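Novice: Structure file final-v6.tsv (TSV, C-alpha atoms) is given on the next line.
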```tsv
chain	number	residue	atom	x	y	z
A	1	MET	CA	-29.40	43.68	16.09
A	2	ASN	CA	-32.30	45.50	17.68
A	3	GLU	CA	-32.32	47.73	20.68
A	4	PRO	CA	-32.24	45.27	23.54
A	5	VAL	CA	-35.65	44.35	24.80
A	6	ARG	CA	-36.15	43.91	28.48
A	7	TRP	CA	-38.58	41.42	29.82
A	8	THR	CA	-38.88	39.20	32.79
A	9	GLY	CA	-39.82	35.60	32.55
A	10	SER	CA	-40.84	35.42	36.14
A	11	MET	CA	-44.02	37.36	36.59
A	12	PRO	CA	-46.60	35.59	38.76
A	13	SER	CA	-49.04	33.43	36.87
A	14	ALA	CA	-51.74	36.03	37.50
A	15	GLN	CA	-50.10	37.99	34.71
A	16	GLY	CA	-50.68	35.07	32.40
A	17	ARG	CA	-48.09	33.11	30.52
A	18	GLN	CA	-49.22	34.38	27.15
A	19	GLY	CA	-46.34	35.97	25.33
A	20	GLY	CA	-43.65	35.75	27.96
A	21	GLN	CA	-41.75	38.54	26.29
A	22	ALA	CA	-44.43	41.03	27.19
A	23	ALA	CA	-44.35	40.07	30.85
A	24	ARG	CA	-43.04	43.51	31.53
A	25	ALA	CA	-44.07	46.44	29.40
A	26	PRO	CA	-41.26	47.17	26.94
A	27	GLN	CA	-39.30	50.22	27.88
A	28	GLY	CA	-36.31	52.11	26.63
A	29	THR	CA	-33.05	50.39	27.35
A	30	ASP	CA	-32.18	51.17	30.90
A	31	LEU	CA	-29.47	53.76	31.31
A	32	ALA	CA	-27.91	51.74	34.12
A	33	ASP	CA	-27.53	48.76	31.79
A	34	ILE	CA	-26.00	50.92	29.08
A	35	LEU	CA	-23.60	52.58	31.48
A	36	GLU	CA	-22.55	49.30	32.99
A	37	ARG	CA	-21.44	48.19	29.55
A	38	VAL	CA	-20.05	51.31	27.90
A	39	LEU	CA	-18.20	52.66	30.93
A	40	ASP	CA	-16.11	49.71	31.96
A	41	LYS	CA	-16.55	47.09	29.29
A	42	GLY	CA	-15.80	47.02	25.60
A	43	ILE	CA	-12.27	47.18	24.30
A	44	VAL	CA	-10.11	49.35	26.49
A	45	ILE	CA	-7.37	50.86	24.39
A	46	ALA	CA	-5.24	53.92	24.98
A	47	GLY	CA	-6.58	56.99	23.24
A	48	ASP	CA	-4.58	60.12	22.50
A	49	ILE	CA	-6.26	62.00	25.28
A	50	GLN	CA	-5.99	60.38	28.65
A	51	ILE	CA	-9.40	60.08	30.21
A	52	ASN	CA	-9.81	58.73	33.69
A	53	LEU	CA	-13.31	57.74	34.56
A	54	LEU	CA	-12.66	56.94	38.16
A	55	ASP	CA	-14.91	54.90	40.37
A	56	ILE	CA	-17.35	53.76	37.77
A	57	GLU	CA	-19.88	52.37	40.19
A	58	LEU	CA	-20.18	55.59	42.13
A	59	LEU	CA	-20.37	57.56	38.92
A	60	THR	CA	-23.10	55.31	37.61
A	61	ILE	CA	-25.12	55.58	40.80
A	62	LYS	CA	-24.88	59.33	40.72
A	63	LEU	CA	-25.95	59.35	37.09
A	64	ARG	CA	-28.88	57.18	37.93
A	65	LEU	CA	-29.93	59.57	40.66
A	66	VAL	CA	-29.74	62.51	38.33
A	67	VAL	CA	-31.68	60.80	35.60
A	68	ALA	CA	-34.44	59.34	37.75
A	69	SER	CA	-37.14	61.91	38.16
A	70	VAL	CA	-37.68	63.18	41.65
A	71	ASP	CA	-41.21	61.84	41.74
A	72	ARG	CA	-40.15	58.39	40.73
A	73	ALA	CA	-37.40	58.35	43.35
A	74	LYS	CA	-39.88	59.46	45.98
A	75	GLU	CA	-42.29	56.76	44.96
A	76	MET	CA	-39.53	54.16	45.16
A	77	GLY	CA	-38.40	55.38	48.57
A	78	ILE	CA	-41.82	55.36	50.17
A	79	ASP	CA	-42.77	52.08	48.62
A	80	TRP	CA	-39.63	50.50	50.03
A	81	TRP	CA	-40.44	51.46	53.63
A	82	GLU	CA	-44.04	50.44	53.29
A	83	ARG	CA	-43.18	46.96	52.17
A	84	ASP	CA	-41.23	46.11	55.31
A	85	PRO	CA	-43.76	45.41	58.08
A	86	THR	CA	-41.21	45.78	60.85
A	87	LEU	CA	-40.43	49.26	59.70
A	88	SER	CA	-43.90	50.56	59.06
A	89	ALA	CA	-44.35	51.52	62.72
A	90	GLY	CA	-41.65	54.15	62.51
A	91	ARG	CA	-42.43	55.07	58.97
A	92	SER	CA	-43.09	58.76	59.18
A	93	GLU	CA	-39.79	59.27	60.97
A	94	LEU	CA	-37.98	57.26	58.31
A	95	GLU	CA	-39.73	59.15	55.58
A	96	GLU	CA	-38.51	62.36	57.10
A	97	GLU	CA	-34.98	61.06	57.32
A	98	ASN	CA	-35.25	59.85	53.75
A	99	GLU	CA	-36.31	63.33	52.72
A	100	ARG	CA	-33.40	64.88	54.56
A	101	LEU	CA	-30.96	62.47	52.92
A	102	ARG	CA	-32.30	63.28	49.49
A	103	GLU	CA	-31.88	66.96	50.16
A	104	ARG	CA	-28.32	66.30	51.25
A	105	ILE	CA	-27.57	64.38	48.05
A	106	THR	CA	-28.95	67.25	46.01
A	107	ALA	CA	-26.88	69.75	47.97
A	108	LEU	CA	-23.75	67.64	47.54
A	109	GLU	CA	-24.32	67.28	43.85
A	110	GLN	CA	-24.81	70.98	43.40
A	111	ALA	CA	-21.69	71.67	45.40
A	112	GLN	CA	-19.78	69.37	43.07
A	113	THR	CA	-21.13	70.52	39.75
A	114	ARG	CA	-21.21	74.25	40.35
A	115	PRO	CA	-17.51	74.90	40.84
A	116	ALA	CA	-16.71	72.80	37.78
A	117	ARG	CA	-18.94	74.94	35.59
A	118	ARG	CA	-17.60	78.15	37.00
A	119	ARG	CA	-14.06	77.02	36.46
A	120	LYS	CA	-14.81	76.17	32.87
A	121	LYS	CA	-15.94	79.68	32.16
A	122	VAL	CA	-13.10	81.47	33.90
A	123	GLU	CA	-10.00	79.64	32.80
A	124	ARG	CA	-9.92	78.17	29.35
A	125	ALA	CA	-7.43	75.37	29.42
A	126	PRO	CA	-4.46	76.23	27.22
A	127	GLU	CA	-4.02	74.06	24.17
A	128	PRO	CA	-2.13	71.04	25.55
A	129	GLU	CA	0.63	69.42	23.61
A	130	PRO	CA	-0.55	66.58	21.43
A	131	GLU	CA	0.25	63.31	23.11
A	132	GLY	CA	0.57	61.31	19.95
A	133	GLU	CA	2.76	58.30	20.53
A	134	GLN	CA	4.76	58.18	17.38
B	1	MET	CA	-12.07	68.51	16.05
B	2	ILE	CA	-10.77	65.13	17.11
B	3	THR	CA	-11.81	61.60	16.16
B	4	TYR	CA	-14.05	59.57	18.44
B	5	LEU	CA	-13.82	55.81	17.93
B	6	TYR	CA	-16.97	53.75	18.55
B	7	ALA	CA	-16.34	50.27	17.20
B	8	VAL	CA	-14.17	48.20	14.88
B	9	GLY	CA	-15.26	45.50	12.46
B	10	ARG	CA	-14.66	43.77	9.16
B	11	ASP	CA	-16.56	44.65	5.98
B	12	LEU	CA	-18.53	47.18	7.97
B	13	GLU	CA	-21.12	49.48	6.48
B	14	LEU	CA	-22.51	52.58	8.05
B	15	PRO	CA	-26.08	52.15	9.29
B	16	ASP	CA	-28.59	53.53	6.79
B	17	ASP	CA	-31.10	54.54	9.42
B	18	GLY	CA	-29.78	58.06	9.79
B	19	SER	CA	-27.84	57.26	12.96
B	20	ARG	CA	-25.65	60.11	14.14
B	21	GLY	CA	-22.81	60.15	16.60
B	22	ILE	CA	-22.09	62.17	19.71
B	23	ASP	CA	-23.40	65.73	19.48
B	24	GLY	CA	-25.10	64.75	16.22
B	25	GLY	CA	-21.76	64.17	14.49
B	26	GLU	CA	-21.77	62.42	11.12
B	27	LEU	CA	-20.51	58.85	11.19
B	28	ARG	CA	-17.56	57.86	8.99
B	29	LEU	CA	-15.59	54.70	8.32
B	30	VAL	CA	-11.81	54.68	8.63
B	31	ASP	CA	-10.41	51.78	6.64
B	32	GLU	CA	-7.03	50.20	7.36
B	33	ALA	CA	-5.42	46.78	7.44
B	34	GLY	CA	-8.63	45.00	6.47
B	35	LEU	CA	-10.52	46.58	9.36
B	36	GLN	CA	-12.95	49.45	9.53
B	37	ALA	CA	-13.37	51.81	12.43
B	38	VAL	CA	-16.62	53.68	12.95
B	39	VAL	CA	-15.77	57.23	13.98
B	40	SER	CA	-17.16	60.73	14.14
B	41	ASP	CA	-15.69	64.15	14.81
B	42	VAL	CA	-16.14	65.54	18.29
B	43	GLU	CA	-15.14	68.82	19.89
B	44	ARG	CA	-11.66	68.45	21.23
B	45	GLU	CA	-12.35	70.71	24.15
B	46	ALA	CA	-15.22	68.62	25.50
B	47	PHE	CA	-12.96	65.63	25.93
B	48	GLU	CA	-9.90	67.46	27.12
B	49	ASP	CA	-11.98	68.96	29.87
B	50	LEU	CA	-13.50	65.63	30.72
B	51	ASP	CA	-12.07	65.70	34.20
B	52	GLU	CA	-14.38	68.63	34.83
B	53	HIS	CA	-17.05	67.34	32.53
B	54	ARG	CA	-17.10	64.11	34.44
B	55	GLU	CA	-19.22	65.85	37.03
B	56	ASP	CA	-21.55	67.12	34.35
B	57	LEU	CA	-23.56	63.98	34.59
B	58	THR	CA	-26.22	64.93	32.12
B	59	TRP	CA	-23.59	65.43	29.45
B	60	LEU	CA	-21.95	62.13	30.29
B	61	ALA	CA	-25.28	60.29	30.16
B	62	ALA	CA	-25.94	61.76	26.71
B	63	VAL	CA	-22.50	60.67	25.50
B	64	ALA	CA	-23.09	57.17	26.86
B	65	ARG	CA	-26.44	56.89	25.09
B	66	ALA	CA	-25.01	58.21	21.82
B	67	HIS	CA	-22.05	55.85	22.04
B	68	HIS	CA	-24.33	52.90	22.67
B	69	GLY	CA	-26.71	54.00	19.92
B	70	VAL	CA	-23.96	53.98	17.30
B	71	VAL	CA	-22.50	50.66	18.45
B	72	ALA	CA	-25.94	49.02	18.45
B	73	ALA	CA	-26.84	50.43	15.02
B	74	VAL	CA	-23.58	49.30	13.42
B	75	GLY	CA	-23.78	45.96	15.20
B	76	ARG	CA	-27.27	45.23	13.91
B	77	ASP	CA	-25.97	43.45	10.82
B	78	HIS	CA	-22.27	43.06	11.49
B	79	ALA	CA	-19.96	41.60	14.07
B	80	VAL	CA	-18.36	44.52	15.88
B	81	ALA	CA	-15.79	44.99	18.58
B	82	PRO	CA	-17.16	47.84	20.70
B	83	LEU	CA	-14.73	50.31	22.21
B	84	SER	CA	-15.02	51.53	25.75
B	85	LEU	CA	-16.61	54.95	26.22
B	86	ALA	CA	-14.60	58.04	25.28
B	87	THR	CA	-11.78	56.57	23.22
B	88	VAL	CA	-10.56	59.55	21.20
B	89	TYR	CA	-7.68	60.21	18.79
B	90	LEU	CA	-6.20	63.40	17.45
B	91	ASP	CA	-7.09	62.54	13.86
B	92	ASP	CA	-8.01	59.72	11.46
B	93	ASP	CA	-4.34	58.90	10.83
B	94	ARG	CA	-3.93	58.01	14.47
B	95	VAL	CA	-6.96	55.70	14.19
B	96	ARG	CA	-5.33	54.04	11.16
B	97	ALA	CA	-2.17	53.53	13.18
B	98	VAL	CA	-4.17	51.93	15.99
B	99	LEU	CA	-5.94	49.60	13.55
B	100	ARG	CA	-2.55	48.50	12.22
B	101	GLU	CA	-0.90	48.11	15.60
B	102	SER	CA	-3.80	46.31	17.27
B	103	ARG	CA	-4.97	44.36	14.26
B	104	GLU	CA	-4.49	40.98	15.88
B	105	ALA	CA	-6.29	41.94	19.06
B	106	PHE	CA	-9.27	43.34	17.14
B	107	THR	CA	-9.37	40.29	14.91
B	108	ALA	CA	-9.36	37.98	17.93
B	109	VAL	CA	-12.35	39.78	19.44
B	110	LEU	CA	-14.21	39.76	16.12
B	111	ASP	CA	-13.59	36.05	15.67
B	112	ARG	CA	-14.92	35.43	19.15
B	113	VAL	CA	-18.17	37.38	18.73
B	114	GLU	CA	-18.97	36.69	15.06
B	115	GLY	CA	-22.53	35.37	14.72
B	116	ARG	CA	-23.11	35.65	18.46
B	117	ASP	CA	-24.96	38.05	20.72
B	118	GLU	CA	-24.60	39.00	24.32
B	119	TRP	CA	-27.58	38.50	26.62
B	120	GLY	CA	-27.83	39.75	30.16
B	121	VAL	CA	-29.62	37.83	32.89
B	122	LYS	CA	-30.21	39.35	36.28
B	123	ALA	CA	-31.76	37.55	39.20
B	124	TYR	CA	-33.42	39.19	42.17
B	125	VAL	CA	-34.62	37.83	45.47
B	126	ARG	CA	-38.34	37.61	44.95
B	127	PRO	CA	-40.25	40.26	46.92
B	128	GLY	CA	-41.48	38.96	50.24
B	129	ALA	CA	-39.21	35.92	50.23
B	130	GLY	CA	-38.16	34.99	53.74
B	131	LYS	CA	-40.06	37.85	55.32
B	132	ALA	CA	-41.08	37.10	58.89
B	133	ALA	CA	-44.83	36.94	59.22
B	134	ALA	CA	-44.79	39.70	61.81
B	135	THR	CA	-48.12	41.29	61.19
B	136	ASP	CA	-48.70	42.34	64.79
B	137	ARG	CA	-47.80	45.86	65.68
B	138	PRO	CA	-44.88	45.74	68.14
B	139	THR	CA	-46.22	46.47	71.59
B	140	SER	CA	-42.93	47.62	73.09
B	141	GLY	CA	-39.48	48.70	72.09
B	142	ALA	CA	-38.10	45.27	72.94
B	143	ALA	CA	-40.78	43.57	70.85
B	144	TYR	CA	-39.96	45.90	67.96
B	145	LEU	CA	-36.25	45.08	68.15
B	146	ARG	CA	-36.97	41.35	68.42
B	147	ALA	CA	-39.22	41.46	65.38
B	148	ARG	CA	-36.62	43.48	63.51
B	149	ARG	CA	-33.85	41.02	64.38
B	150	GLU	CA	-35.94	38.06	63.30
B	151	ALA	CA	-36.79	39.76	60.06
B	152	LEU	CA	-33.12	40.45	59.40
B	153	ARG	CA	-32.14	36.87	60.18
B	154	ALA	CA	-34.86	35.50	57.92
B	155	GLY	CA	-33.74	37.96	55.26
B	156	ASP	CA	-30.11	36.81	55.50
B	157	ALA	CA	-31.13	33.18	55.11
B	158	ALA	CA	-33.29	34.06	52.13
B	159	VAL	CA	-30.41	35.90	50.48
B	160	ALA	CA	-28.02	32.98	51.07
B	161	ALA	CA	-30.52	30.58	49.52
B	162	ALA	CA	-31.06	32.98	46.64
B	163	GLU	CA	-27.32	33.17	46.01
B	164	ARG	CA	-27.09	29.40	45.83
B	165	GLU	CA	-29.97	29.32	43.39
B	166	ALA	CA	-28.31	32.08	41.36
B	167	ASP	CA	-25.26	29.83	40.95
B	168	GLU	CA	-27.51	27.11	39.59
B	169	VAL	CA	-29.22	29.50	37.19
B	170	ASP	CA	-25.83	30.71	36.00
B	171	ALA	CA	-24.64	27.13	35.44
B	172	ALA	CA	-27.79	26.23	33.50
B	173	LEU	CA	-27.46	29.29	31.26
B	174	ALA	CA	-23.75	28.64	30.77
B	175	ALA	CA	-24.62	25.31	29.17
B	176	LEU	CA	-26.26	27.23	26.31
B	177	ALA	CA	-23.57	29.88	26.06
B	178	VAL	CA	-20.23	29.97	24.28
B	179	GLU	CA	-18.79	32.14	27.04
B	180	THR	CA	-20.07	33.74	30.21
B	181	ARG	CA	-19.13	36.59	32.49
B	182	ARG	CA	-20.46	37.28	35.94
B	183	HIS	CA	-20.55	40.95	36.71
B	184	PRO	CA	-20.91	42.23	40.24
B	185	PRO	CA	-24.58	42.50	41.21
B	186	GLN	CA	-25.78	46.08	40.88
B	187	ASP	CA	-26.49	48.22	43.89
B	188	ARG	CA	-30.13	48.89	44.75
B	189	SER	CA	-29.70	52.58	44.02
B	190	LEU	CA	-28.72	51.56	40.51
B	191	THR	CA	-31.51	49.09	39.85
B	192	GLY	CA	-34.19	51.18	41.48
B	193	ARG	CA	-35.61	48.01	42.98
B	194	ALA	CA	-35.96	47.21	46.64
B	195	GLU	CA	-35.13	43.56	46.02
B	196	GLN	CA	-31.50	42.49	46.18
B	197	MET	CA	-29.80	41.41	42.97
B	198	VAL	CA	-28.01	38.08	43.32
B	199	LEU	CA	-26.95	37.43	39.73
B	200	ASN	CA	-25.73	39.81	37.04
B	201	GLY	CA	-24.54	37.52	34.28
B	202	ALA	CA	-23.61	38.06	30.63
B	203	TYR	CA	-23.90	35.19	28.17
B	204	LEU	CA	-22.43	35.04	24.70
B	205	VAL	CA	-24.88	32.96	22.68
B	206	GLU	CA	-24.99	31.81	19.06
B	207	ARG	CA	-27.61	33.84	17.21
B	208	ALA	CA	-29.50	30.65	16.41
B	209	GLY	CA	-29.69	29.84	20.11
B	210	ALA	CA	-31.59	32.95	21.17
B	211	ASP	CA	-34.96	31.20	21.33
B	212	ASP	CA	-33.53	28.38	23.40
B	213	LEU	CA	-32.09	30.91	25.81
B	214	ARG	CA	-35.43	32.72	26.14
B	215	ALA	CA	-37.20	29.44	26.77
B	216	LEU	CA	-34.64	28.39	29.36
B	217	VAL	CA	-34.93	31.69	31.24
B	218	GLU	CA	-38.68	31.28	31.27
B	219	LYS	CA	-38.39	27.72	32.55
B	220	LEU	CA	-35.88	28.62	35.27
B	221	ALA	CA	-38.06	31.51	36.39
B	222	SER	CA	-41.25	29.49	36.60
B	223	GLU	CA	-39.61	26.55	38.36
B	224	GLY	CA	-37.34	28.48	40.69
B	225	SER	CA	-37.89	31.14	43.29
B	226	LEU	CA	-35.93	34.03	41.77
B	227	ASP	CA	-37.15	36.94	39.70
B	228	LEU	CA	-35.22	36.73	36.44
B	229	GLU	CA	-34.75	39.55	34.00
B	230	LEU	CA	-33.40	39.00	30.51
B	231	THR	CA	-31.96	41.84	28.44
B	232	GLY	CA	-30.62	41.66	24.93
B	233	PRO	CA	-29.48	41.07	22.38
B	234	TRP	CA	-26.52	43.32	23.14
B	235	VAL	CA	-23.46	43.96	21.09
B	236	PRO	CA	-20.98	41.81	23.02
B	237	TYR	CA	-19.47	44.53	25.20
B	238	SER	CA	-18.75	42.06	27.99
B	239	PHE	CA	-16.75	39.79	25.70
B	240	ALA	CA	-14.62	42.40	24.00
B	241	GLY	CA	-12.12	42.78	26.82
B	242	GLY	CA	-8.61	41.50	26.65
B	243	ALA	CA	-7.56	43.47	23.58
B	244	THR	CA	-5.14	46.30	24.12
```
Let me see the structure of the file written as structure tokens.

Specialist:
Amino acid sequence: MNEPVRWTGSMPSAQGRQGGQAARAPQGTDLADILERVLDKGIVIAGDIQINLLDIELLTIKLRLVVASVDRAKEMGIDWWERDPTLSAGRSELEEENERLRERITALEQAQTRPARRRKKVERAPEPEPEGEQ
Amino acid sequence: MITYLYAVGRDLELPDDGSRGIDGGELRLVDEAGLQAVVSDVEREAFEDLDEHREDLTWLAAVARAHHGVVAAVGRDHAVAPLSLATVYLDDDRVRAVLRESREAFTAVLDRVEGRDEWGVKAYVRPGAGKAAATDRPTSGAAYLRARREALRAGDAAVAAAEREADEVDAALAALAVETRRHPPQDRSLTGRAEQMVLNGAYLVERAGADDLRALVEKLASEGSLDLELTGPWVPYSFAGGAT
């Protein structure tokens, strides 16, 4: 089985129907698609170490935000406002708000990741008892 | 070191393409009860601290990619039952015990997916569909709000129509599939697309039927009004549930 190939069979005819598989330039398998499958699908079976990956959707969205480059995200954001004609009048204001929201997300993420790292350095978790279910 | 379990299969062989596991760990097979588990050693600490690590998103993304890489490599030539991310055991003996205890469940999954692949089909509302033709600049606040309301109403109707069409697409694809699953449509922040997703389906298809599926997706896309996106073949993650 090969690395999944992504293509769309729905590009406008301007793109030509030749080789439908190449309708969209091949790209690495999307992280969102991988996460959707490996995080909450597959066989779920109790391991020896209890791992709770809570709120998979939120986690996945956050991961996506981290992985997407800032430039790409910016491009996506601006593009989105520009495509809605009813919004384009107030665009600069929305762009500003968008910018502020992005800064807030960054700040929130830093607030969440920093303490975790610090904690890791300070207190080494003591060796927990094996939870083997004999 | 503890043992990370990626996938279970029958008559499995390790991939000969130099695939490595999480953190570059060497892949091994654990053999028991007629089943083989693909495993590698991982640092115990990394997984014990996962509650903290969970917020270390870069690390988690790397683990997810490594997990998927191993499952896909092993599944290239063999039917495999993929495990969910981060299934770890204290040692190989514990993995053997799990293979014995859950033999029937693993076998049932393997029987179900043997010779079949998972394909994903997503459908999006086509850009511009149902957009009000409001090209005039609003001349007043009231005109702006009116235009905005109309655009929203048109958008709602377009989404409702798209959802109906998505049901039809799903039904057409299901006719070619052995089994199907409909996952919740992904959020826009996840897809990175402005268009709304109205179908996020998984289809378990006989390997020989892959070309038919591709052709059908192409046909549905050119005849219908949705943007369709086909991904695959995937190891059948979406059809491995139910075993415990």

Novice: Please, which residues in chain B fall within 7 Å of chain A when counting all atoms listed in the file, and what is the closest atom pair and distance in Å to one decimal for each, ordered by chain then residue number, as a Markdown table?

Specialist:
```
| residue | atom | partner | partner_atom | distance |
| --- | --- | --- | --- | --- |
| B:Glu48 | CA | A:Ile49 | CA | 6.8 |
| B:Leu50 | CA | A:Ile51 | CA | 6.9 |
| B:Glu52 | CA | A:Ala116 | CA | 5.6 |
| B:Glu55 | CA | A:Thr113 | CA | 5.7 |
| B:Asp56 | CA | A:Thr113 | CA | 6.4 |
| B:Leu57 | CA | A:Leu63 | CA | 5.8 |
| B:Ala64 | CA | A:Leu35 | CA | 6.5 |
| B:His68 | CA | A:Ile34 | CA | 6.9 |
| B:Ala72 | CA | A:Met1 | CA | 6.8 |
| B:Gly75 | CA | A:Met1 | CA | 6.1 |
| B:Arg76 | CA | A:Met1 | CA | 3.4 |
| B:Asp77 | CA | A:Met1 | CA | 6.3 |
| B:Pro82 | CA | A:Gly42 | CA | 5.2 |
| B:Leu83 | CA | A:Ile43 | CA | 4.5 |
| B:Ser84 | CA | A:Gly42 | CA | 4.6 |
| B:Leu85 | CA | A:Val38 | CA | 5.3 |
| B:Thr87 | CA | A:Gly47 | CA | 5.2 |
| B:Val88 | CA | A:Gly47 | CA | 5.2 |
| B:Tyr89 | CA | A:Asp48 | CA | 4.8 |
| B:Leu90 | CA | A:Asp48 | CA | 6.2 |
| B:Ala134 | CA | A:Pro85 | CA | 6.9 |
| B:Thr135 | CA | A:Pro85 | CA | 6.8 |
| B:Ala147 | CA | A:Thr86 | CA | 6.6 |
| B:Arg148 | CA | A:Thr86 | CA | 5.8 |
| B:Ser189 | CA | A:Ile61 | CA | 6.4 |
| B:Leu190 | CA | A:Ile61 | CA | 5.4 |
| B:Ala194 | CA | A:Trp80 | CA | 6.0 |
| B:Val217 | CA | A:Gly9 | CA | 6.4 |
| B:Glu218 | CA | A:Gly9 | CA | 4.6 |
| B:Ala221 | CA | A:Ser10 | CA | 4.8 |
| B:Ser222 | CA | A:Ser10 | CA | 6.0 |
| B:Asp227 | CA | A:Ser10 | CA | 5.3 |
| B:Leu228 | CA | A:Thr8 | CA | 5.7 |
| B:Glu229 | CA | A:Thr8 | CA | 4.3 |
| B:Leu230 | CA | A:Trp7 | CA | 5.8 |
| B:Thr231 | CA | A:Arg6 | CA | 4.7 |
| B:Gly232 | CA | A:Pro4 | CA | 4.2 |
| B:Pro233 | CA | A:Pro4 | CA | 5.2 |
| B:Trp234 | CA | A:Pro4 | CA | 6.1 |
| B:Tyr237 | CA | A:Gly42 | CA | 4.5 |
| B:Ser238 | CA | A:Lys41 | CA | 5.6 |
| B:Ala240 | CA | A:Gly42 | CA | 5.0 |
| B:Gly241 | CA | A:Ile43 | CA | 5.1 |
| B:Ala243 | CA | A:Ile43 | CA | 6.0 |
| B:Thr244 | CA | A:Ile45 | CA | 5.1 |
```

Novice: What separation in Å, quoted to one decimal, exists between CA of Ala160 (chain B) and CA of Pro185 (chain B)?

Specialist: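 Between CA of Ala160 (chain B) and CA of Pro185 (chain B) the gap works out to 14.1 Å.
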
Novice: Please, what distance in Å, to one decimal, runs between CA of Gly155 (chain B) and CA of Ile105 (chain A)?

Specialist: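 Between CA of Gly155 (chain B) and CA of Ile105 (chain A) the gap works out to 28.1 Å.
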
Novice: Quick one: everything within 9 Å of Val178 (chain B), counting all atoms listed in the file, minus sequence neighbours fewer than 4 positions away in the same chain. Send it as a list in words.

Specialist: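 Counting only the stated atoms, we get Arg116, Ala174, Tyr203, Leu204, Val205 and Glu206 of chain B.
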
Novice: To one decimal place in Å, what is the distance between CA of Asp117 (chain B) and CA of Pro236 (chain B)?

Specialist: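 Here the two named atoms are 5.9 Å from each other.
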
Novice: Identify which of the residues B:Leu213, B:Ala7, B:Arg20, B:Ala66 lies closest to Val95 (chain B), counting only C-alpha atoms when measuring atom-to-atom distances.

Specialist: B:Ala7

Novice: Kindly complete region 168-183 of chain B to N, CA and C atoms; the output should be written as a PDB file, keeping the file's coordinate frame.

Specialist:
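And here's rebuild-v7.pdb as it stands now:
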```pdb
ATOM      1  N   GLU B 168     -26.919  28.158  40.421  1.00  0.00           N
ATOM      2  CA  GLU B 168     -27.510  27.110  39.590  1.00  0.00           C
ATOM      3  C   GLU B 168     -28.059  27.683  38.285  1.00  0.00           C
ATOM      4  N   VAL B 169     -28.702  28.845  38.395  1.00  0.00           N
ATOM      5  CA  VAL B 169     -29.220  29.500  37.190  1.00  0.00           C
ATOM      6  C   VAL B 169     -28.076  29.815  36.232  1.00  0.00           C
ATOM      7  N   ASP B 170     -26.994  30.359  36.807  1.00  0.00           N
ATOM      8  CA  ASP B 170     -25.830  30.710  36.000  1.00  0.00           C
ATOM      9  C   ASP B 170     -25.271  29.476  35.293  1.00  0.00           C
ATOM     10  N   ALA B 171     -25.187  28.367  36.022  1.00  0.00           N
ATOM     11  CA  ALA B 171     -24.640  27.130  35.440  1.00  0.00           C
ATOM     12  C   ALA B 171     -25.544  26.616  34.316  1.00  0.00           C
ATOM     13  N   ALA B 172     -26.854  26.700  34.528  1.00  0.00           N
ATOM     14  CA  ALA B 172     -27.790  26.230  33.500  1.00  0.00           C
ATOM     15  C   ALA B 172     -27.686  27.076  32.241  1.00  0.00           C
ATOM     16  N   LEU B 173     -27.570  28.400  32.415  1.00  0.00           N
ATOM     17  CA  LEU B 173     -27.460  29.290  31.260  1.00  0.00           C
ATOM     18  C   LEU B 173     -26.122  29.088  30.551  1.00  0.00           C
ATOM     19  N   ALA B 174     -25.081  28.822  31.342  1.00  0.00           N
ATOM     20  CA  ALA B 174     -23.750  28.640  30.770  1.00  0.00           C
ATOM     21  C   ALA B 174     -23.716  27.470  29.794  1.00  0.00           C
ATOM     22  N   ALA B 175     -24.583  26.487  30.054  1.00  0.00           N
ATOM     23  CA  ALA B 175     -24.620  25.310  29.170  1.00  0.00           C
ATOM     24  C   ALA B 175     -25.054  25.693  27.758  1.00  0.00           C
ATOM     25  N   LEU B 176     -25.802  26.780  27.637  1.00  0.00           N
ATOM     26  CA  LEU B 176     -26.260  27.230  26.310  1.00  0.00           C
ATOM     27  C   LEU B 176     -25.328  28.264  25.703  1.00  0.00           C
ATOM     28  N   ALA B 177     -24.383  28.748  26.499  1.00  0.00           N
ATOM     29  CA  ALA B 177     -23.570  29.880  26.060  1.00  0.00           C
ATOM     30  C   ALA B 177     -22.185  29.428  25.605  1.00  0.00           C
ATOM     31  N   VAL B 178     -21.603  30.227  24.722  1.00  0.00           N
ATOM     32  CA  VAL B 178     -20.230  29.970  24.280  1.00  0.00           C
ATOM     33  C   VAL B 178     -19.259  30.448  25.355  1.00  0.00           C
ATOM     34  N   GLU B 179     -19.603  31.592  25.959  1.00  0.00           N
ATOM     35  CA  GLU B 179     -18.790  32.140  27.040  1.00  0.00           C
ATOM     36  C   GLU B 179     -19.711  32.853  28.002  1.00  0.00           C
ATOM     37  N   THR B 180     -19.270  32.997  29.230  1.00  0.00           N
ATOM     38  CA  THR B 180     -20.070  33.740  30.210  1.00  0.00           C
ATOM     39  C   THR B 180     -19.182  34.670  31.019  1.00  0.00           C
ATOM     40  N   ARG B 181     -19.802  35.698  31.543  1.00  0.00           N
ATOM     41  CA  ARG B 181     -19.130  36.590  32.490  1.00  0.00           C
ATOM     42  C   ARG B 181     -20.111  36.865  33.622  1.00  0.00           C
ATOM     43  N   ARG B 182     -19.609  36.860  34.831  1.00  0.00           N
ATOM     44  CA  ARG B 182     -20.460  37.280  35.940  1.00  0.00           C
ATOM     45  C   ARG B 182     -20.000  38.625  36.429  1.00  0.00           C
ATOM     46  N   HIS B 183     -20.864  39.617  36.235  1.00  0.00           N
ATOM     47  CA  HIS B 183     -20.550  40.950  36.710  1.00  0.00           C
ATOM     48  C   HIS B 183     -21.043  41.097  38.144  1.00  0.00           C
TER      49      HIS B 183
END
```
